[in-house]
Amino acid sequence: MAALATVWPAALAETKLAYAAVLADPGRLLRFGGLPTVLALGLWAFLSIARPMPESEDPAVMEAWMATNAGYVLLAILTALWSYGRLVVRWSRWTVTGDGTGGFLDPGLGGRELRTLGWSLLAGLCAMPTLLLLVLVGDAFLFLGAALFGLAGEEAALTGAQLGAVLGGLIGLLPAYYITGRLLPGVAPVALGLPGALGPSWRTTKEAALTAMLTLWLIALPGAIVGTVFLQLDLGLALNVVGPVLSFLAYSATAVSMARLWQAVVAPAAPAAPERD
């Protein structure tokens with residue numbers, strides 16, 4: 001508990017700093033996101049509004065929808081990945097070097113972006129085993145929420161189940177954030193043209209692990225809160241539009257925070273490496 005009392009203020013301060021950096025200059029935010037982010041957001045909005053996923057539980061209905069919209073879904077996923085790589089590179093470089101160059105229409109799909117995406121996916125794969133715990137904790141809180149709220153009626157039970165699932169998901173994600181919080185700083189050097197450093201990042205971030213974990217958790221928290229509120233207000237369509245925007249802001253804030261951790265902890269302990277490009 002004493003450690004948590006020390007770590008929590010540090011994580012909260014880091015989260016505020018990361019979001020403040022991202023939101024301080026809307027023009028820079030738009031430039032760094034660029035065309036791929038706008039395309040990704042536009043495609044998700046189009047799918048949500050013009051071609052919404054059916055709520056039917058009939059597999060045939062879902063298969064028909066997917067057959068009709070598979071191209072749009074694939075394009076939306078690809079542009080989202082393109083946007084992610086671009087955002088991480090731009091924000092990491094800006095955090096470490098102050099480099100704010102790069103226009104809105106710059107493609108941002110070179111070797112650095114592709115390697116950044118690859119190293120990020122590798123860090124995510126390392127956290128995959130924790131997803132089982134996420135499912136178990138999420139289900140436990142879902143049933144607990146339904147049972148507690150169910151005392152007030154069936155409709156309240158549904159609300160309790162939704163709130164329990166969100167809370168359980170947030171708690172269940174902590175192990176994944178612990179792992180990625182120690183690995184993602186090793187992605188930051190890729191944005192600078194240096195080799196990935198997941199191993200050195202894991203070895204050198206032990207003391208900062210809890211702070212990094214809580215920082216990632218806090219960065220994701222606004223999206224979870226907004227999602228819960230929108231669902232309770234039956235604003236699912238609006239959430240499908242707003243949710244991706246919050247996700248891209250969270251990606252940007254995460255890139256800033258992880259680059260700061262790399263610069264402060266990982267880089268000083270690592271031997272100098274030649275730039276790749």
# chains A, B, ... in the order shown; residues from 1 in each chain; ligands from 1
$ residues_around --residues "stretch 128-131 of chain A" --least-positions-apart "2" --cutoff "12 Å" --atoms "only C-alpha atoms" --output "list of chain:residue names"
A:Leu121, A:Leu122, A:Ala123, A:Gly124, A:Leu125, A:Cys126, A:Leu133, A:Leu134, A:Val135, A:Leu136, A:Val137, A:Gly138, A:Gly169, A:Leu170, A:Ile171, A:Gly172, A:Leu173, A:Leu174, A:Pro175, A:Ala176, A:Tyr177, A:Tyr178, A:Ile179, A:Thr180
$ write_last_selection --atoms "N, CA and C atoms" --output "short mmCIF file (atom, residue, chain, number, x, y, z; two decimals), in the first residue's frame"
data_model
loop_
_atom_site.label_atom_id
_atom_site.label_comp_id
_atom_site.auth_asym_id
_atom_site.auth_seq_id
_atom_site.Cartn_x
_atom_site.Cartn_y
_atom_site.Cartn_z
N LEU A 121 3.53 -4.44 -32.05
CA LEU A 121 2.76 -5.69 -32.08
C LEU A 121 3.48 -6.78 -31.29
N LEU A 122 4.80 -6.82 -31.39
CA LEU A 122 5.56 -7.82 -30.63
C LEU A 122 5.40 -7.60 -29.13
N ALA A 123 5.45 -6.34 -28.70
CA ALA A 123 5.23 -6.04 -27.28
C ALA A 123 3.83 -6.46 -26.85
N GLY A 124 2.86 -6.22 -27.73
CA GLY A 124 1.49 -6.63 -27.41
C GLY A 124 1.35 -8.14 -27.32
N LEU A 125 2.03 -8.86 -28.22
CA LEU A 125 1.97 -10.32 -28.18
C LEU A 125 2.54 -10.87 -26.88
N CYS A 126 3.55 -10.21 -26.35
CA CYS A 126 4.13 -10.66 -25.08
C CYS A 126 3.12 -10.59 -23.94
N LEU A 133 -6.60 -14.01 -17.94
CA LEU A 133 -6.95 -13.39 -16.66
C LEU A 133 -7.96 -12.28 -16.86
N LEU A 134 -7.82 -11.53 -17.95
CA LEU A 134 -8.77 -10.46 -18.24
C LEU A 134 -10.18 -11.02 -18.39
N VAL A 135 -10.30 -12.13 -19.11
CA VAL A 135 -11.62 -12.74 -19.30
C VAL A 135 -12.19 -13.22 -17.97
N LEU A 136 -11.36 -13.87 -17.17
CA LEU A 136 -11.83 -14.40 -15.89
C LEU A 136 -12.28 -13.29 -14.95
N VAL A 137 -11.46 -12.25 -14.84
CA VAL A 137 -11.80 -11.14 -13.95
C VAL A 137 -13.03 -10.40 -14.48
N GLY A 138 -13.06 -10.17 -15.79
CA GLY A 138 -14.21 -9.48 -16.38
C GLY A 138 -15.51 -10.23 -16.15
N GLY A 169 -12.92 -5.35 -16.52
CA GLY A 169 -11.99 -5.20 -17.63
C GLY A 169 -10.82 -4.30 -17.27
N LEU A 170 -11.12 -3.20 -16.59
CA LEU A 170 -10.05 -2.28 -16.20
C LEU A 170 -9.08 -2.93 -15.22
N ILE A 171 -9.62 -3.70 -14.29
CA ILE A 171 -8.76 -4.39 -13.33
C ILE A 171 -7.99 -5.53 -14.01
N GLY A 172 -8.70 -6.26 -14.87
CA GLY A 172 -8.07 -7.38 -15.54
C GLY A 172 -6.98 -6.98 -16.51
N LEU A 173 -7.00 -5.72 -16.96
CA LEU A 173 -5.98 -5.24 -17.89
C LEU A 173 -4.67 -4.86 -17.21
N LEU A 174 -4.67 -4.75 -15.90
CA LEU A 174 -3.46 -4.30 -15.20
C LEU A 174 -2.25 -5.19 -15.48
N PRO A 175 -2.38 -6.52 -15.47
CA PRO A 175 -1.20 -7.34 -15.81
C PRO A 175 -0.67 -7.06 -17.22
N ALA A 176 -1.59 -6.86 -18.17
CA ALA A 176 -1.16 -6.55 -19.54
C ALA A 176 -0.44 -5.21 -19.58
N TYR A 177 -0.96 -4.24 -18.83
CA TYR A 177 -0.31 -2.93 -18.78
C TYR A 177 1.05 -3.02 -18.08
N TYR A 178 1.18 -3.92 -17.13
CA TYR A 178 2.47 -4.09 -16.46
C TYR A 178 3.53 -4.55 -17.47
N ILE A 179 3.14 -5.52 -18.30
CA ILE A 179 4.09 -6.05 -19.29
C ILE A 179 4.38 -5.02 -20.37
N THR A 180 3.34 -4.44 -20.94
CA THR A 180 3.56 -3.48 -22.02
C THR A 180 4.21 -2.20 -21.51
#
$ closest_atom_pairs --of "stretch 159-223 of chain A" --to "stretch 144-147 of chain A" --cutoff "8 Å" --atoms "only C-alpha atoms" --output "tab-separated table"
residue	atom	partner	partner_atom	distance
A:Thr159	CA	A:Ala146	CA	7.4
A:Gly160	CA	A:Gly145	CA	4.3
A:Ala161	CA	A:Ala146	CA	4.4
A:Gln162	CA	A:Gly145	CA	7.6
A:Leu163	CA	A:Gly145	CA	6.8
A:Gly164	CA	A:Gly145	CA	4.7
A:Ala165	CA	A:Gly145	CA	7.8
$ residues_around --residues "A:Thr15" --least-positions-apart "2" --cutoff "7 Å" --atoms "only C-alpha atoms" --output "number ranges by chain"
A: 11-13, 17-19, 215, 218-219
$ write_last_selection --atoms "N, CA and C atoms" --output "short mmCIF file (atom, residue, chain, number, x, y, z; two decimals), in the first residue's frame"
data_model
loop_
_atom_site.label_atom_id
_atom_site.label_comp_id
_atom_site.auth_asym_id
_atom_site.auth_seq_id
_atom_site.Cartn_x
_atom_site.Cartn_y
_atom_site.Cartn_z
N ALA A 11 2.07 8.45 -11.38
CA ALA A 11 1.37 8.01 -12.59
C ALA A 11 0.34 9.04 -13.02
N LEU A 12 -0.36 9.62 -12.06
CA LEU A 12 -1.35 10.64 -12.38
C LEU A 12 -0.69 11.87 -13.00
N ALA A 13 0.44 12.28 -12.44
CA ALA A 13 1.16 13.43 -12.99
C ALA A 13 1.67 13.13 -14.40
N LEU A 17 0.62 15.06 -17.85
CA LEU A 17 1.65 15.64 -18.70
C LEU A 17 1.53 15.13 -20.14
N ALA A 18 1.29 13.82 -20.29
CA ALA A 18 1.20 13.23 -21.63
C ALA A 18 0.01 13.80 -22.39
N TYR A 19 -1.15 13.84 -21.75
CA TYR A 19 -2.33 14.38 -22.43
C TYR A 19 -2.18 15.88 -22.68
N THR A 215 0.17 4.41 -15.35
CA THR A 215 0.07 5.47 -16.35
C THR A 215 -0.71 4.99 -17.57
N LEU A 218 -4.34 4.76 -16.61
CA LEU A 218 -4.99 6.07 -16.53
C LEU A 218 -5.19 6.69 -17.91
N ILE A 219 -4.26 6.46 -18.81
CA ILE A 219 -4.41 6.98 -20.17
C ILE A 219 -5.63 6.36 -20.84
#
$ residues_around --residues "A:Val190" --least-positions-apart "6" --cutoff "7 Å" --atoms "only C-alpha atoms" --output "number ranges by chain"
A: 112, 115-116, 196
$ closest_residue --among "A:Thr204, A:Gln263, A:Thr211, A:Thr37" --to "A:Ala80" --atoms "only C-alpha atoms"
A:Thr37
$ residues_around --residues "A:Val73" --least-positions-apart "6" --cutoff "9 Å" --atoms "only C-alpha atoms" --output "list in words"
Leu43, Trp44, Leu47 and Met66 of chain A
$ residues_around --residues "A:Gly98" --least-positions-apart "3" --cutoff "12 Å" --atoms "only C-alpha atoms" --output "list in words"
Ala21, Arg28, Arg90, Trp91, Ser92, Arg93, Trp94, Thr95, Thr101, Leu192, Val256, Ala259 and Arg260 of chain A
$ select_by_dssp --residues "stretch 37-156 of chain A" --states "helix (DSSP H, G or I)" --output "mmCIF file with N, CA and C atoms, in the first residue's frame"
data_model
loop_
_atom_site.group_PDB
_atom_site.id
_atom_site.type_symbol
_atom_site.label_atom_id
_atom_site.label_comp_id
_atom_site.auth_asym_id
_atom_site.auth_seq_id
_atom_site.Cartn_x
_atom_site.Cartn_y
_atom_site.Cartn_z
ATOM 1 N N THR A 37 -4.946 9.140 -40.199
ATOM 2 C CA THR A 37 -5.847 9.183 -39.040
ATOM 3 C C THR A 37 -7.228 9.670 -39.448
ATOM 4 N N VAL A 38 -7.265 10.693 -40.290
ATOM 5 C CA VAL A 38 -8.555 11.198 -40.765
ATOM 6 C C VAL A 38 -9.275 10.126 -41.579
ATOM 7 N N LEU A 39 -8.534 9.410 -42.418
ATOM 8 C CA LEU A 39 -9.143 8.336 -43.203
ATOM 9 C C LEU A 39 -9.693 7.241 -42.293
ATOM 10 N N ALA A 40 -8.910 6.862 -41.288
ATOM 11 C CA ALA A 40 -9.353 5.806 -40.374
ATOM 12 C C ALA A 40 -10.612 6.226 -39.626
ATOM 13 N N LEU A 41 -10.612 7.448 -39.105
ATOM 14 C CA LEU A 41 -11.785 7.937 -38.376
ATOM 15 C C LEU A 41 -12.994 8.034 -39.298
ATOM 16 N N GLY A 42 -12.760 8.493 -40.521
ATOM 17 C CA GLY A 42 -13.864 8.599 -41.470
ATOM 18 C C GLY A 42 -14.453 7.247 -41.828
ATOM 19 N N LEU A 43 -13.594 6.253 -42.003
ATOM 20 C CA LEU A 43 -14.080 4.918 -42.354
ATOM 21 C C LEU A 43 -14.866 4.291 -41.208
ATOM 22 N N TRP A 44 -14.367 4.448 -39.980
ATOM 23 C CA TRP A 44 -15.106 3.898 -38.839
ATOM 24 C C TRP A 44 -16.446 4.601 -38.669
ATOM 25 N N ALA A 45 -16.461 5.914 -38.885
ATOM 26 C CA ALA A 45 -17.722 6.655 -38.792
ATOM 27 C C ALA A 45 -18.689 6.200 -39.882
ATOM 28 N N PHE A 46 -18.168 5.996 -41.089
ATOM 29 C CA PHE A 46 -19.011 5.534 -42.195
ATOM 30 C C PHE A 46 -19.623 4.173 -41.884
ATOM 31 N N LEU A 47 -18.802 3.260 -41.376
ATOM 32 C CA LEU A 47 -19.312 1.930 -41.040
ATOM 33 C C LEU A 47 -20.365 2.006 -39.938
ATOM 34 N N SER A 48 -20.140 2.880 -38.964
ATOM 35 C CA SER A 48 -21.059 2.976 -37.831
ATOM 36 C C SER A 48 -22.395 3.595 -38.225
ATOM 37 N N ILE A 49 -22.343 4.582 -39.116
ATOM 38 C CA ILE A 49 -23.558 5.322 -39.462
ATOM 39 C C ILE A 49 -24.269 4.720 -40.668
ATOM 40 N N PRO A 59 -26.032 -16.184 -36.850
ATOM 41 C CA PRO A 59 -24.746 -16.192 -37.574
ATOM 42 C C PRO A 59 -24.893 -15.851 -39.048
ATOM 43 N N ALA A 60 -26.002 -16.251 -39.647
ATOM 44 C CA ALA A 60 -26.200 -15.978 -41.070
ATOM 45 C C ALA A 60 -26.286 -14.477 -41.336
ATOM 46 N N VAL A 61 -26.919 -13.750 -40.421
ATOM 47 C CA VAL A 61 -27.033 -12.301 -40.577
ATOM 48 C C VAL A 61 -25.660 -11.650 -40.483
ATOM 49 N N MET A 62 -24.857 -12.100 -39.511
ATOM 50 C CA MET A 62 -23.515 -11.542 -39.351
ATOM 51 C C MET A 62 -22.633 -11.876 -40.549
ATOM 52 N N GLU A 63 -22.756 -13.092 -41.052
ATOM 53 C CA GLU A 63 -21.966 -13.486 -42.220
ATOM 54 C C GLU A 63 -22.340 -12.646 -43.437
ATOM 55 N N ALA A 64 -23.626 -12.370 -43.593
ATOM 56 C CA ALA A 64 -24.070 -11.552 -44.720
ATOM 57 C C ALA A 64 -23.537 -10.128 -44.596
ATOM 58 N N TRP A 65 -23.567 -9.598 -43.378
ATOM 59 C CA TRP A 65 -23.046 -8.239 -43.168
ATOM 60 C C TRP A 65 -21.551 -8.186 -43.459
ATOM 61 N N MET A 66 -20.815 -9.188 -42.974
ATOM 62 C CA MET A 66 -19.372 -9.204 -43.185
ATOM 63 C C MET A 66 -19.037 -9.373 -44.661
ATOM 64 N N ALA A 67 -19.800 -10.206 -45.351
ATOM 65 C CA ALA A 67 -19.550 -10.405 -46.778
ATOM 66 C C ALA A 67 -19.746 -9.109 -47.558
ATOM 67 N N THR A 68 -20.700 -8.307 -47.122
ATOM 68 C CA THR A 68 -20.985 -7.045 -47.807
ATOM 69 C C THR A 68 -19.973 -5.963 -47.460
ATOM 70 N N ASN A 69 -19.474 -5.998 -46.233
ATOM 71 C CA ASN A 69 -18.650 -4.889 -45.744
ATOM 72 C C ASN A 69 -17.204 -5.274 -45.454
ATOM 73 N N ALA A 70 -16.795 -6.460 -45.867
ATOM 74 C CA ALA A 70 -15.439 -6.923 -45.555
ATOM 75 C C ALA A 70 -14.379 -5.958 -46.072
ATOM 76 N N GLY A 71 -14.593 -5.422 -47.262
ATOM 77 C CA GLY A 71 -13.620 -4.492 -47.831
ATOM 78 C C GLY A 71 -13.474 -3.236 -46.999
ATOM 79 N N TYR A 72 -14.604 -2.684 -46.552
ATOM 80 C CA TYR A 72 -14.566 -1.482 -45.726
ATOM 81 C C TYR A 72 -13.889 -1.765 -44.376
ATOM 82 N N VAL A 73 -14.217 -2.912 -43.785
ATOM 83 C CA VAL A 73 -13.634 -3.267 -42.490
ATOM 84 C C VAL A 73 -12.123 -3.429 -42.617
ATOM 85 N N LEU A 74 -11.685 -4.135 -43.654
ATOM 86 C CA LEU A 74 -10.253 -4.335 -43.859
ATOM 87 C C LEU A 74 -9.545 -3.004 -44.080
ATOM 88 N N LEU A 75 -10.149 -2.138 -44.881
ATOM 89 C CA LEU A 75 -9.542 -0.831 -45.142
ATOM 90 C C LEU A 75 -9.479 0.007 -43.868
ATOM 91 N N ALA A 76 -10.519 -0.075 -43.044
ATOM 92 C CA ALA A 76 -10.525 0.672 -41.784
ATOM 93 C C ALA A 76 -9.428 0.171 -40.851
ATOM 94 N N ILE A 77 -9.226 -1.140 -40.804
ATOM 95 C CA ILE A 77 -8.178 -1.708 -39.947
ATOM 96 C C ILE A 77 -6.797 -1.297 -40.445
ATOM 97 N N LEU A 78 -6.592 -1.371 -41.758
ATOM 98 C CA LEU A 78 -5.289 -1.021 -42.320
ATOM 99 C C LEU A 78 -4.962 0.458 -42.105
ATOM 100 N N THR A 79 -5.944 1.329 -42.297
ATOM 101 C CA THR A 79 -5.682 2.755 -42.076
ATOM 102 C C THR A 79 -5.453 3.049 -40.597
ATOM 103 N N ALA A 80 -6.126 2.299 -39.712
ATOM 104 C CA ALA A 80 -5.899 2.484 -38.278
ATOM 105 C C ALA A 80 -4.472 2.077 -37.903
ATOM 106 N N LEU A 81 -3.982 0.972 -38.467
ATOM 107 C CA LEU A 81 -2.607 0.546 -38.212
ATOM 108 C C LEU A 81 -1.614 1.555 -38.787
ATOM 109 N N TRP A 82 -1.901 2.040 -39.979
ATOM 110 C CA TRP A 82 -1.069 3.069 -40.601
ATOM 111 C C TRP A 82 -1.012 4.305 -39.707
ATOM 112 N N SER A 83 -2.173 4.708 -39.212
ATOM 113 C CA SER A 83 -2.237 5.876 -38.336
ATOM 114 C C SER A 83 -1.456 5.643 -37.048
ATOM 115 N N TYR A 84 -1.586 4.448 -36.481
ATOM 116 C CA TYR A 84 -0.884 4.149 -35.228
ATOM 117 C C TYR A 84 0.625 4.288 -35.407
ATOM 118 N N GLY A 85 1.158 3.669 -36.460
ATOM 119 C CA GLY A 85 2.595 3.760 -36.698
ATOM 120 C C GLY A 85 3.054 5.192 -36.872
ATOM 121 N N ARG A 86 2.281 5.962 -37.616
ATOM 122 C CA ARG A 86 2.635 7.367 -37.843
ATOM 123 C C ARG A 86 2.590 8.160 -36.540
ATOM 124 N N LEU A 87 1.538 7.966 -35.747
ATOM 125 C CA LEU A 87 1.401 8.706 -34.492
ATOM 126 C C LEU A 87 2.548 8.400 -33.531
ATOM 127 N N VAL A 88 2.886 7.133 -33.390
ATOM 128 C CA VAL A 88 3.950 6.762 -32.454
ATOM 129 C C VAL A 88 5.281 7.360 -32.893
ATOM 130 N N VAL A 89 5.572 7.303 -34.188
ATOM 131 C CA VAL A 89 6.831 7.867 -34.680
ATOM 132 C C VAL A 89 6.867 9.375 -34.459
ATOM 133 N N ARG A 90 5.794 10.059 -34.850
ATOM 134 C CA ARG A 90 5.784 11.524 -34.735
ATOM 135 C C ARG A 90 5.896 11.972 -33.283
ATOM 136 N N TRP A 91 5.087 11.374 -32.406
ATOM 137 C CA TRP A 91 5.090 11.816 -31.010
ATOM 138 C C TRP A 91 6.359 11.400 -30.281
ATOM 139 N N SER A 92 6.899 10.243 -30.606
ATOM 140 C CA SER A 92 8.150 9.815 -29.967
ATOM 141 C C SER A 92 9.292 10.740 -30.357
ATOM 142 N N ARG A 93 9.383 11.068 -31.637
ATOM 143 C CA ARG A 93 10.446 11.966 -32.094
ATOM 144 C C ARG A 93 10.293 13.348 -31.462
ATOM 145 N N TRP A 94 9.068 13.829 -31.404
ATOM 146 C CA TRP A 94 8.843 15.145 -30.817
ATOM 147 C C TRP A 94 9.216 15.150 -29.333
ATOM 148 N N THR A 95 8.870 14.084 -28.622
ATOM 149 C CA THR A 95 9.144 14.008 -27.187
ATOM 150 C C THR A 95 10.638 13.989 -26.903
ATOM 151 N N VAL A 96 11.382 13.236 -27.694
ATOM 152 C CA VAL A 96 12.810 13.054 -27.421
ATOM 153 C C VAL A 96 13.654 14.172 -28.023
ATOM 154 N N THR A 97 13.325 14.601 -29.237
ATOM 155 C CA THR A 97 14.186 15.557 -29.945
ATOM 156 C C THR A 97 13.552 16.925 -30.147
ATOM 157 N N GLY A 111 9.990 3.014 -43.514
ATOM 158 C CA GLY A 111 10.564 1.938 -42.722
ATOM 159 C C GLY A 111 10.381 2.130 -41.230
ATOM 160 N N ARG A 112 10.515 3.368 -40.759
ATOM 161 C CA ARG A 112 10.379 3.598 -39.319
ATOM 162 C C ARG A 112 8.966 3.286 -38.834
ATOM 163 N N GLU A 113 7.985 3.730 -39.598
ATOM 164 C CA GLU A 113 6.601 3.475 -39.192
ATOM 165 C C GLU A 113 6.293 1.980 -39.192
ATOM 166 N N LEU A 114 6.764 1.286 -40.212
ATOM 167 C CA LEU A 114 6.496 -0.150 -40.291
ATOM 168 C C LEU A 114 7.221 -0.907 -39.181
ATOM 169 N N ARG A 115 8.467 -0.525 -38.911
ATOM 170 C CA ARG A 115 9.196 -1.188 -37.823
ATOM 171 C C ARG A 115 8.569 -0.855 -36.465
ATOM 172 N N THR A 116 8.136 0.395 -36.311
ATOM 173 C CA THR A 116 7.469 0.777 -35.062
ATOM 174 C C THR A 116 6.216 -0.057 -34.846
ATOM 175 N N LEU A 117 5.446 -0.229 -35.898
ATOM 176 C CA LEU A 117 4.237 -1.049 -35.801
ATOM 177 C C LEU A 117 4.596 -2.488 -35.455
ATOM 178 N N GLY A 118 5.632 -3.024 -36.098
ATOM 179 C CA GLY A 118 6.039 -4.396 -35.828
ATOM 180 C C GLY A 118 6.511 -4.599 -34.397
ATOM 181 N N TRP A 119 7.346 -3.692 -33.906
ATOM 182 C CA TRP A 119 7.825 -3.805 -32.526
ATOM 183 C C TRP A 119 6.684 -3.625 -31.528
ATOM 184 N N SER A 120 5.742 -2.748 -31.838
ATOM 185 C CA SER A 120 4.585 -2.557 -30.951
ATOM 186 C C SER A 120 3.735 -3.817 -30.892
ATOM 187 N N LEU A 121 3.531 -4.442 -32.046
ATOM 188 C CA LEU A 121 2.760 -5.689 -32.075
ATOM 189 C C LEU A 121 3.475 -6.784 -31.294
ATOM 190 N N LEU A 122 4.803 -6.821 -31.388
ATOM 191 C CA LEU A 122 5.561 -7.816 -30.632
ATOM 192 C C LEU A 122 5.396 -7.597 -29.129
ATOM 193 N N ALA A 123 5.451 -6.337 -28.701
ATOM 194 C CA ALA A 123 5.232 -6.037 -27.283
ATOM 195 C C ALA A 123 3.832 -6.458 -26.854
ATOM 196 N N GLY A 124 2.856 -6.221 -27.726
ATOM 197 C CA GLY A 124 1.495 -6.633 -27.409
ATOM 198 C C GLY A 124 1.349 -8.138 -27.323
ATOM 199 N N LEU A 125 2.032 -8.858 -28.216
ATOM 200 C CA LEU A 125 1.968 -10.320 -28.183
ATOM 201 C C LEU A 125 2.545 -10.873 -26.885
ATOM 202 N N CYS A 126 3.546 -10.214 -26.351
ATOM 203 C CA CYS A 126 4.133 -10.664 -25.081
ATOM 204 C C CYS A 126 3.123 -10.589 -23.935
ATOM 205 N N MET A 128 -0.126 -11.151 -24.397
ATOM 206 C CA MET A 128 -1.296 -11.952 -24.753
ATOM 207 C C MET A 128 -1.691 -12.980 -23.686
ATOM 208 N N PRO A 129 -0.721 -13.656 -23.027
ATOM 209 C CA PRO A 129 -1.133 -14.646 -22.018
ATOM 210 C C PRO A 129 -1.988 -14.070 -20.901
ATOM 211 N N THR A 130 -1.901 -12.770 -20.669
ATOM 212 C CA THR A 130 -2.682 -12.165 -19.588
ATOM 213 C C THR A 130 -4.150 -11.997 -19.970
ATOM 214 N N LEU A 131 -4.487 -12.210 -21.243
ATOM 215 C CA LEU A 131 -5.876 -12.024 -21.668
ATOM 216 C C LEU A 131 -6.810 -13.035 -21.011
ATOM 217 N N LEU A 132 -6.285 -14.211 -20.691
ATOM 218 C CA LEU A 132 -7.111 -15.192 -19.987
ATOM 219 C C LEU A 132 -7.539 -14.644 -18.635
ATOM 220 N N LEU A 133 -6.605 -14.012 -17.939
ATOM 221 C CA LEU A 133 -6.946 -13.394 -16.660
ATOM 222 C C LEU A 133 -7.960 -12.279 -16.856
ATOM 223 N N LEU A 134 -7.815 -11.527 -17.946
ATOM 224 C CA LEU A 134 -8.770 -10.458 -18.244
ATOM 225 C C LEU A 134 -10.179 -11.017 -18.390
ATOM 226 N N VAL A 135 -10.303 -12.128 -19.108
ATOM 227 C CA VAL A 135 -11.619 -12.743 -19.303
ATOM 228 C C VAL A 135 -12.192 -13.223 -17.972
ATOM 229 N N LEU A 136 -11.359 -13.870 -17.170
ATOM 230 C CA LEU A 136 -11.834 -14.404 -15.890
ATOM 231 C C LEU A 136 -12.279 -13.287 -14.949
ATOM 232 N N VAL A 137 -11.457 -12.252 -14.836
ATOM 233 C CA VAL A 137 -11.804 -11.140 -13.946
ATOM 234 C C VAL A 137 -13.026 -10.395 -14.475
ATOM 235 N N GLY A 138 -13.063 -10.174 -15.794
ATOM 236 C CA GLY A 138 -14.207 -9.483 -16.382
ATOM 237 C C GLY A 138 -15.509 -10.227 -16.149
ATOM 238 N N ASP A 139 -15.491 -11.545 -16.348
ATOM 239 C CA ASP A 139 -16.701 -12.341 -16.126
ATOM 240 C C ASP A 139 -17.116 -12.326 -14.659
ATOM 241 N N ALA A 140 -16.126 -12.408 -13.771
ATOM 242 C CA ALA A 140 -16.438 -12.410 -12.340
ATOM 243 C C ALA A 140 -17.128 -11.116 -11.928
ATOM 244 N N PHE A 141 -16.608 -9.989 -12.388
ATOM 245 C CA PHE A 141 -17.212 -8.704 -12.036
ATOM 246 C C PHE A 141 -18.556 -8.518 -12.734
ATOM 247 N N LEU A 142 -18.687 -9.062 -13.931
ATOM 248 C CA LEU A 142 -19.972 -8.978 -14.634
ATOM 249 C C LEU A 142 -21.066 -9.661 -13.819
ATOM 250 N N PHE A 143 -20.794 -10.884 -13.381
ATOM 251 C CA PHE A 143 -21.794 -11.618 -12.604
ATOM 252 C C PHE A 143 -22.016 -10.974 -11.236
ATOM 253 N N LEU A 144 -20.940 -10.444 -10.642
ATOM 254 C CA LEU A 144 -21.080 -9.781 -9.346
ATOM 255 C C LEU A 144 -21.947 -8.532 -9.473
ATOM 256 N N GLY A 145 -21.694 -7.737 -10.521
ATOM 257 C CA GLY A 145 -22.501 -6.539 -10.729
ATOM 258 C C GLY A 145 -23.953 -6.870 -10.986
ATOM 259 N N ALA A 146 -24.191 -7.913 -11.792
ATOM 260 C CA ALA A 146 -25.569 -8.316 -12.076
ATOM 261 C C ALA A 146 -26.273 -8.783 -10.807
ATOM 262 N N ALA A 147 -25.545 -9.515 -9.954
ATOM 263 C CA ALA A 147 -26.153 -10.025 -8.726
ATOM 264 C C ALA A 147 -26.485 -8.893 -7.757
ATOM 265 N N LEU A 148 -25.565 -7.955 -7.599
ATOM 266 C CA LEU A 148 -25.790 -6.865 -6.646
ATOM 267 C C LEU A 148 -26.893 -5.925 -7.122
ATOM 268 N N PHE A 149 -26.824 -5.516 -8.381
ATOM 269 C CA PHE A 149 -27.832 -4.599 -8.907
ATOM 270 C C PHE A 149 -29.159 -5.316 -9.146
ATOM 271 N N GLY A 150 -29.092 -6.635 -9.321
ATOM 272 C CA GLY A 150 -30.304 -7.396 -9.589
ATOM 273 C C GLY A 150 -31.302 -7.370 -8.455
ATOM 274 N N LEU A 151 -30.843 -7.005 -7.270
ATOM 275 C CA LEU A 151 -31.758 -6.896 -6.138
ATOM 276 C C LEU A 151 -32.802 -5.809 -6.376
ATOM 277 N N ALA A 152 -32.476 -4.868 -7.283
ATOM 278 C CA ALA A 152 -33.405 -3.765 -7.565
ATOM 279 C C ALA A 152 -34.241 -4.012 -8.812
ATOM 280 N N GLU A 154 -34.758 -6.390 -12.833
ATOM 281 C CA GLU A 154 -34.076 -6.944 -14.003
ATOM 282 C C GLU A 154 -33.303 -5.877 -14.775
ATOM 283 N N GLU A 155 -33.896 -4.699 -14.939
ATOM 284 C CA GLU A 155 -33.208 -3.638 -15.678
ATOM 285 C C GLU A 155 -31.955 -3.184 -14.941
ATOM 286 N N ALA A 156 -32.054 -3.106 -13.618
ATOM 287 C CA ALA A 156 -30.886 -2.733 -12.820
ATOM 288 C C ALA A 156 -29.804 -3.797 -12.918
#
$ residues_around --residues "A:Leu183" --least-positions-apart "5" --cutoff "6 Å" --atoms "only C-alpha atoms" --output "PyMOL selection string"
chain A and resi 123+198+201-202
$ write_last_selection --atoms "N, CA and C atoms" --output "compact mmCIF listing (two decimals), in the first residue's frame"
# COMPACT_ATOMS: atom_id res chain seq x y z
N ALA A 123 5.45 -6.34 -28.70
CA ALA A 123 5.23 -6.04 -27.28
C ALA A 123 3.83 -6.46 -26.85
N LEU A 198 13.39 -3.89 -26.78
CA LEU A 198 12.46 -4.47 -25.82
C LEU A 198 13.20 -5.12 -24.66
N SER A 201 14.69 -2.53 -22.38
CA SER A 201 13.58 -1.85 -21.73
C SER A 201 13.04 -2.67 -20.56
N TRP A 202 12.88 -3.97 -20.77
CA TRP A 202 12.38 -4.83 -19.70
C TRP A 202 13.35 -4.86 -18.52
$ closest_residue --among "A:Trp262, A:Trp217, A:Phe32, A:Tyr251" --to "A:Gly103" --atoms "only C-alpha atoms"
A:Phe32
$ atom_distance --atom1 "atom CA of A:Arg203" --atom2 "atom CA of A:Trp8"
22.1 Å
$ atom_distance --atom1 "atom CA of A:Leu30" --atom2 "atom CA of A:Ala267"
28.8 Å
$ atom_distance --atom1 "atom CA of A:Pro200" --atom2 "atom CA of A:Ala269"
8.1 Å
